[in-house]
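Colleague: Below are the structure tokens for one structure; questions will follow.
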Amino acid sequence: MTPSDGLPVPQRTWAILAIGLGITLAVIDSAIANVALPTIASDLHTDPALSIWIVNGYQLAITISLLPLSSLGDIMGYRRVYLAGLALFTVASLGCAFSTTLPMLALARVIQGFGAAGIMSVNTALLRFIYPQRLLGRGIGINALVVAVSSAIGPTVAGAILAVANWPWLFAVNVPIGIAAVVVGWSSLPHTKRSPHGFDVVSALLSAATFGLLIGSIDALGHGEGFPAFLAEMMATIGLGTVLVRRQLALVAPLLPVDLLKIPIFALSVSTSISSFVAQMLALVSLPFLFQTELHFSAVETGLLITPWPLAICVAAPLAGRLADRYSAGLLGGIGLFAFAMGLLSFAFLPAHPGYLDIGWRMALSGFGFGLFQSPNNRAMLTAAPKERSGGASGMLGTARLLGQTTGAALAALLFARLAGQAPTVGLLISSGFALIAAVVSLARLYEIPAKAELRASNPEADPSLHASLLRDEKGE
């Protein structure tokens with residue numbers, strides 16, 4: 001039975017636990033492999049350059065399958081896709097632990113990535129059925145907190161495991177946690193109404209090819225690929241994307257939710273997300289180099305200096321989630337992203353020999369600003385879509401994040417290749433610029449409700465999706 005307005009408290013608590021465990025596994029595994037790459041390459045007697053596929057295979061699998069799996073969630077039910085993804089992730093983790101060659105491990109990581117995509121594609125959509133509408137922002141804030149904490153502790157967890165055990169245990173520890181999450185989720189996650197349309201295999205393949213080629217070409221450019229090859233790949237991406245979009249425009253419930261982009265709040269929230277994650281990733285790649293190569297802090301000190309960022313997100317995310325149930329996402333996001341931009345820009349004014357406090361407050365301001373934006377933005381994106389299209393909205397949320405992060409990492413790599421020692425400082429300046437753009441786009445959402453009200457008054461039937469979006473905004477949904 002589909003819950004009308006959230007789950008009752010005992011079931012809701014267990015459902016939140018199942019979501020939290022799943023997303024923790026998926027996010028942590030994005031980080032721990034990076035730390036262990038040198039160890040794994042040495043143990044498997046393989047070229048360190050080839051070992052990058054342990055990371056890239058995982059990320060690429062998530063990228064190409066996120067939107068198809070979110071569409072499948074609309075059709076089959078978000079609960080089924082989430083539990084299937086969690087089970088696949090758990091089995092693939094066992095495969096990673098028993099891998100004895102690089103091809104075996106890379107293949108297991110690709111399968112693990114498909115499982116992680118099953119988790120990530122619908123976890124936000126499920127929140128809309130777990131929490132009552134009045135508490136949805138709080139629930140999204142808790143989810144953002146789990147993601148932030150998982151991202152922050154990933155390298156620490158990897159280091160702790162490698163200190164007492166060999167690298168297969170990085171993946172083996174997922175198995176009991178994954179099994180527990182499946183058991184808890186099976187008994188607590190809500191059954192949701194299914195969409196009557198079928199799964200569009202052709203659109204799924206086009207989507208996978210388009211986003212895979214797009215993100216792969218951006219990443220390759222950042223890691224030294226020649227511009228002519230990049231240009232050819234981008235032309236191919238544009239060609240595939242054009243075919244994909246034209247196909248989606250003819251569908252009632254498209255896999256790539258281009259129809260949702262007609263809703264201004266949704267489109268602005270997606271744009272805000274992409275720009276902010278470009279800024280975040282560019283900054284997080286630049287800062288360690290700034291600390292170690294220019295300011296001459298040790299690797300251990302660098303880790304400690306970065307810590308205020310995720311800690312501030314942990315403070316801001318649940319606070320922002322509560323505020324999102326009462327105040328506009330455009331306002332909260334604009335304030336948070338402006339603070340994020342000022343925090344990043346302030347690194348340009350560091351003293352010649354900064355102390356821990358000089359760096360700590362700048363990191364905390366950046367993290368707090370980012371945390372204040374994220375939960376309200378996610379809530380706005382999710383609730384702008386009709387409830388039966390929550391899977392598509394959830395998939396776009398994850399796709400926007402991945403696209404922003406990949407672009408930010410590629411920009412950082414490009415700067416380091418071209419500017420060498422000046423790259424960290426320039427990277428932080430550019431990232432503050434992206435954060436300011438995101439703040440402006442977020443604030444633009446403040447003008448959307450009056451504009452839609454005027455349009456509806458003049459012609460209520462002008463755009464059904466606009467009409468439905470306005471009704472949700474007026475009700476505070």
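Residues are named by chain letter and number: chains run A, B, ... in the order of the structure tokens, numbers start at 1 in each chain, and ligands are numbered from 1 in the order shown.
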Report as a ChimeraX atom specification all protein, DNA and RNA residues lying within 7 Å of segment 52-62 of chain A, evaluated on only C-alpha atoms, omitting residues in the same chain fewer than 5 positions from it.

Modeller: /A:33-34,105-106,109-110,112-114,116-117,212

Colleague: Under the rule of at most 7 Å, produce a per-residue listing of segment 281-397 of chain A near segment 410-417 of chain A: chain, number, name, the closest pair of atoms, and the distance in Å, as JSON lines, using only C-alpha atoms.

Modeller:
{"residue": "A:Leu282", "atom": "CA", "partner": "A:Ala412", "partner_atom": "CA", "distance": 5.5}
{"residue": "A:Val285", "atom": "CA", "partner": "A:Ala412", "partner_atom": "CA", "distance": 6.6}
{"residue": "A:Ser286", "atom": "CA", "partner": "A:Ala412", "partner_atom": "CA", "distance": 6.9}

Colleague: Which value, in Å to one decimal, gives the distance between atom CA of Pro308 of chain A and atom CA of Phe368 of chain A?

Modeller: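 Atom CA of Pro308 of chain A sits 9.2 Å away from atom CA of Phe368 of chain A.
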
Colleague: Need to verify the contact set: Gly408 of chain A, 9 Å, only C-alpha atoms, exclusion of same-chain residues closer than 6 positions in sequence. Can you return it as a PDB file with C-alpha atoms, in the first residue's frame?

Modeller:
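This went into part.pdb:
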ATOM      1  CA  PHE A 277      29.220  21.117  -7.326  1.00  0.00           C
ATOM      2  CA  VAL A 278      31.689  22.419  -9.930  1.00  0.00           C
ATOM      3  CA  ALA A 279      32.780  24.947  -7.280  1.00  0.00           C
ATOM      4  CA  GLN A 280      32.937  22.327  -4.533  1.00  0.00           C
ATOM      5  CA  MET A 281      35.034  19.798  -6.442  1.00  0.00           C
ATOM      6  CA  LEU A 282      37.394  22.410  -7.905  1.00  0.00           C
ATOM      7  CA  ALA A 283      37.997  23.764  -4.397  1.00  0.00           C
ATOM      8  CA  VAL A 285      41.067  19.399  -5.349  1.00  0.00           C
ATOM      9  CA  SER A 431      35.513  28.047  -7.773  1.00  0.00           C
TER      10      SER A 431
END

Colleague: Residues of segment 194-325 of chain A classed as alpha helix (DSSP H) by DSSP on the backbone are to be reported as a ChimeraX atom specification.

Modeller: /A:201-222,227-249,264-289,299-306,308-324

Colleague: Quick one: which segment 240-316 of chain A residues come within 8 Å of segment 390-401 of chain A, and what is the nearest atom pair for each with the distance in Å to one decimal, counting only C-alpha atoms, rows ordered by chain and ascending number, as a Markdown table?

Modeller:
| residue | atom | partner | partner_atom | distance |
| --- | --- | --- | --- | --- |
| A:Leu255 | CA | A:Gly392 | CA | 7.1 |
| A:Leu256 | CA | A:Gly392 | CA | 7.3 |
| A:Pro257 | CA | A:Gly392 | CA | 6.0 |
| A:Leu260 | CA | A:Ala393 | CA | 7.9 |
| A:Val270 | CA | A:Ala400 | CA | 6.3 |
| A:Ser271 | CA | A:Ala400 | CA | 7.9 |
| A:Ser273 | CA | A:Ala400 | CA | 6.2 |
| A:Ile274 | CA | A:Ala400 | CA | 5.1 |
| A:Phe277 | CA | A:Arg401 | CA | 6.1 |

Colleague: Please provide the set of residues having any atom within 10 Å of Ile130 of chain A, restricted to only C-alpha atoms, with same-chain residues fewer than 2 positions apart removed, written as an MDAnalysis selection string.

Modeller: chainID A and resid 3:9 11:13 15:16 124:128 132:133 135:136 139 188:190

Colleague: What's around Ser203 of chain A at 10 Å? Count only C-alpha atoms, leave out sequence neighbours fewer than 2 positions away in its own chain, and write the answer as number ranges by chain.

Modeller: A: 67-68, 199-201, 205-209, 243-245, 247-248, 254-256

Colleague: With only C-alpha atoms as the basis for distance, which of A:Leu403, A:Leu284, A:Ala41, A:Ile153 is at the shortest distance from Ser366 of chain A?

Modeller: A:Leu284

Colleague: Using only C-alpha atoms, which of the listed residues (A:Ala348, A:Thr406, A:Lys387, A:Met381) sits closest to Gln422 of chain A?

Modeller: A:Ala348

Colleague: To one decimal in Å, tell me the separation between atom CA of Phe266 of chain A and atom CA of Asn378 of chain A.

Modeller: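 Calculated distance between atom CA of Phe266 of chain A and atom CA of Asn378 of chain A is 9.8 Å.
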
Colleague: Between atom CA of Val300 of chain A and atom CA of Gly360 of chain A, what distance in Å does the model show, to one decimal?

Modeller: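 One can read the atom CA of Val300 of chain A to atom CA of Gly360 of chain A distance as 14.8 Å.
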
Colleague: Calculated over only C-alpha atoms, which of the candidates A:Leu17, A:Ile28, A:Ala324, A:Leu319 has the smallest distance to Ala148 of chain A?

Modeller: A:Ile28

Colleague: Do a neighbour search on Gly22 of chain A at 12 Å with only C-alpha atoms, toss out local chain neighbours closer than 4 positions, and write the hits as a PDB file with C-alpha atoms, in the first residue's frame.

Modeller:
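What ended up in part_18.pdb:
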ATOM      1  CA  ALA A  15      13.159   2.987   6.793  1.00  0.00           C
ATOM      2  CA  ILE A  16      15.469   5.938   7.493  1.00  0.00           C
ATOM      3  CA  LEU A  17      18.059   3.488   8.868  1.00  0.00           C
ATOM      4  CA  ALA A  18      17.857   1.386   5.676  1.00  0.00           C
ATOM      5  CA  ALA A  26      27.682   3.910  -1.775  1.00  0.00           C
ATOM      6  CA  VAL A  27      29.314   7.229  -0.819  1.00  0.00           C
ATOM      7  CA  ILE A  28      32.148   5.782   1.267  1.00  0.00           C
ATOM      8  CA  ASP A  29      33.095   3.372  -1.507  1.00  0.00           C
ATOM      9  CA  TYR A  82      16.617   0.389  -4.082  1.00  0.00           C
ATOM     10  CA  LEU A  83      16.709  -3.109  -2.568  1.00  0.00           C
ATOM     11  CA  ALA A  84      17.935  -4.674  -5.830  1.00  0.00           C
ATOM     12  CA  GLY A  85      20.712  -2.074  -6.044  1.00  0.00           C
ATOM     13  CA  LEU A  86      21.665  -2.651  -2.419  1.00  0.00           C
ATOM     14  CA  ALA A  87      21.763  -6.445  -2.901  1.00  0.00           C
ATOM     15  CA  LEU A  88      23.855  -6.118  -6.085  1.00  0.00           C
ATOM     16  CA  PHE A  89      26.240  -3.735  -4.334  1.00  0.00           C
ATOM     17  CA  THR A  90      26.674  -6.203  -1.467  1.00  0.00           C
ATOM     18  CA  GLY A 115      24.408  -1.398  -7.507  1.00  0.00           C
ATOM     19  CA  ALA A 116      25.369   2.017  -6.097  1.00  0.00           C
ATOM     20  CA  ALA A 117      23.388   3.665  -8.919  1.00  0.00           C
ATOM     21  CA  GLY A 118      20.335   1.638  -7.864  1.00  0.00           C
ATOM     22  CA  ILE A 119      20.748   3.066  -4.362  1.00  0.00           C
ATOM     23  CA  MET A 120      21.446   6.654  -5.424  1.00  0.00           C
ATOM     24  CA  SER A 121      18.837   6.851  -8.184  1.00  0.00           C
ATOM     25  CA  VAL A 122      15.797   6.469  -5.930  1.00  0.00           C
ATOM     26  CA  ASN A 123      16.918   7.131  -2.352  1.00  0.00           C
ATOM     27  CA  THR A 124      15.728  10.756  -2.487  1.00  0.00           C
ATOM     28  CA  ASN A 143      20.092  12.520   4.195  1.00  0.00           C
ATOM     29  CA  VAL A 146      24.665  11.218   6.118  1.00  0.00           C
ATOM     30  CA  VAL A 147      26.258  11.973   2.731  1.00  0.00           C
ATOM     31  CA  SER A 150      30.255   9.520   4.801  1.00  0.00           C
ATOM     32  CA  ASN A 174      30.458  -3.845   3.182  1.00  0.00           C
ATOM     33  CA  VAL A 175      28.965  -7.334   3.150  1.00  0.00           C
ATOM     34  CA  PRO A 176      27.500  -7.608   6.682  1.00  0.00           C
ATOM     35  CA  ILE A 177      26.363  -3.968   6.588  1.00  0.00           C
ATOM     36  CA  GLY A 178      24.751  -4.498   3.183  1.00  0.00           C
ATOM     37  CA  ILE A 179      22.947  -7.637   4.341  1.00  0.00           C
ATOM     38  CA  ALA A 180      21.639  -5.804   7.413  1.00  0.00           C
ATOM     39  CA  ALA A 181      20.435  -2.893   5.244  1.00  0.00           C
ATOM     40  CA  VAL A 182      18.602  -5.266   2.873  1.00  0.00           C
ATOM     41  CA  VAL A 183      16.884  -7.037   5.778  1.00  0.00           C
ATOM     42  CA  VAL A 184      15.835  -3.764   7.423  1.00  0.00           C
ATOM     43  CA  GLY A 185      14.762  -2.221   4.100  1.00  0.00           C
TER      44      GLY A 185
END

Colleague: Point out the residue among A:Thr46, A:Glu388, A:Thr63, A:Ala329 with the least atom-to-atom distance to Gly216 of chain A, counting only C-alpha atoms.

Modeller: A:Thr63

Colleague: So, counting only C-alpha atoms, which residue among A:Ile238, A:Ala409, A:Leu365, A:Ala253 is closest to Ile306 of chain A?

Modeller: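 When distances to Ile306 of chain A are compared using only C-alpha atoms, the smallest one comes from A:Leu365.
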
Colleague: Determine the nearest neighbour of Leu443 of chain A from the options A:Thr293, A:Ser275, A:Thr302, A:Ser269, counting only C-alpha atoms.

Modeller: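 With only C-alpha atoms as the atom set, the closest residue is A:Ser269.
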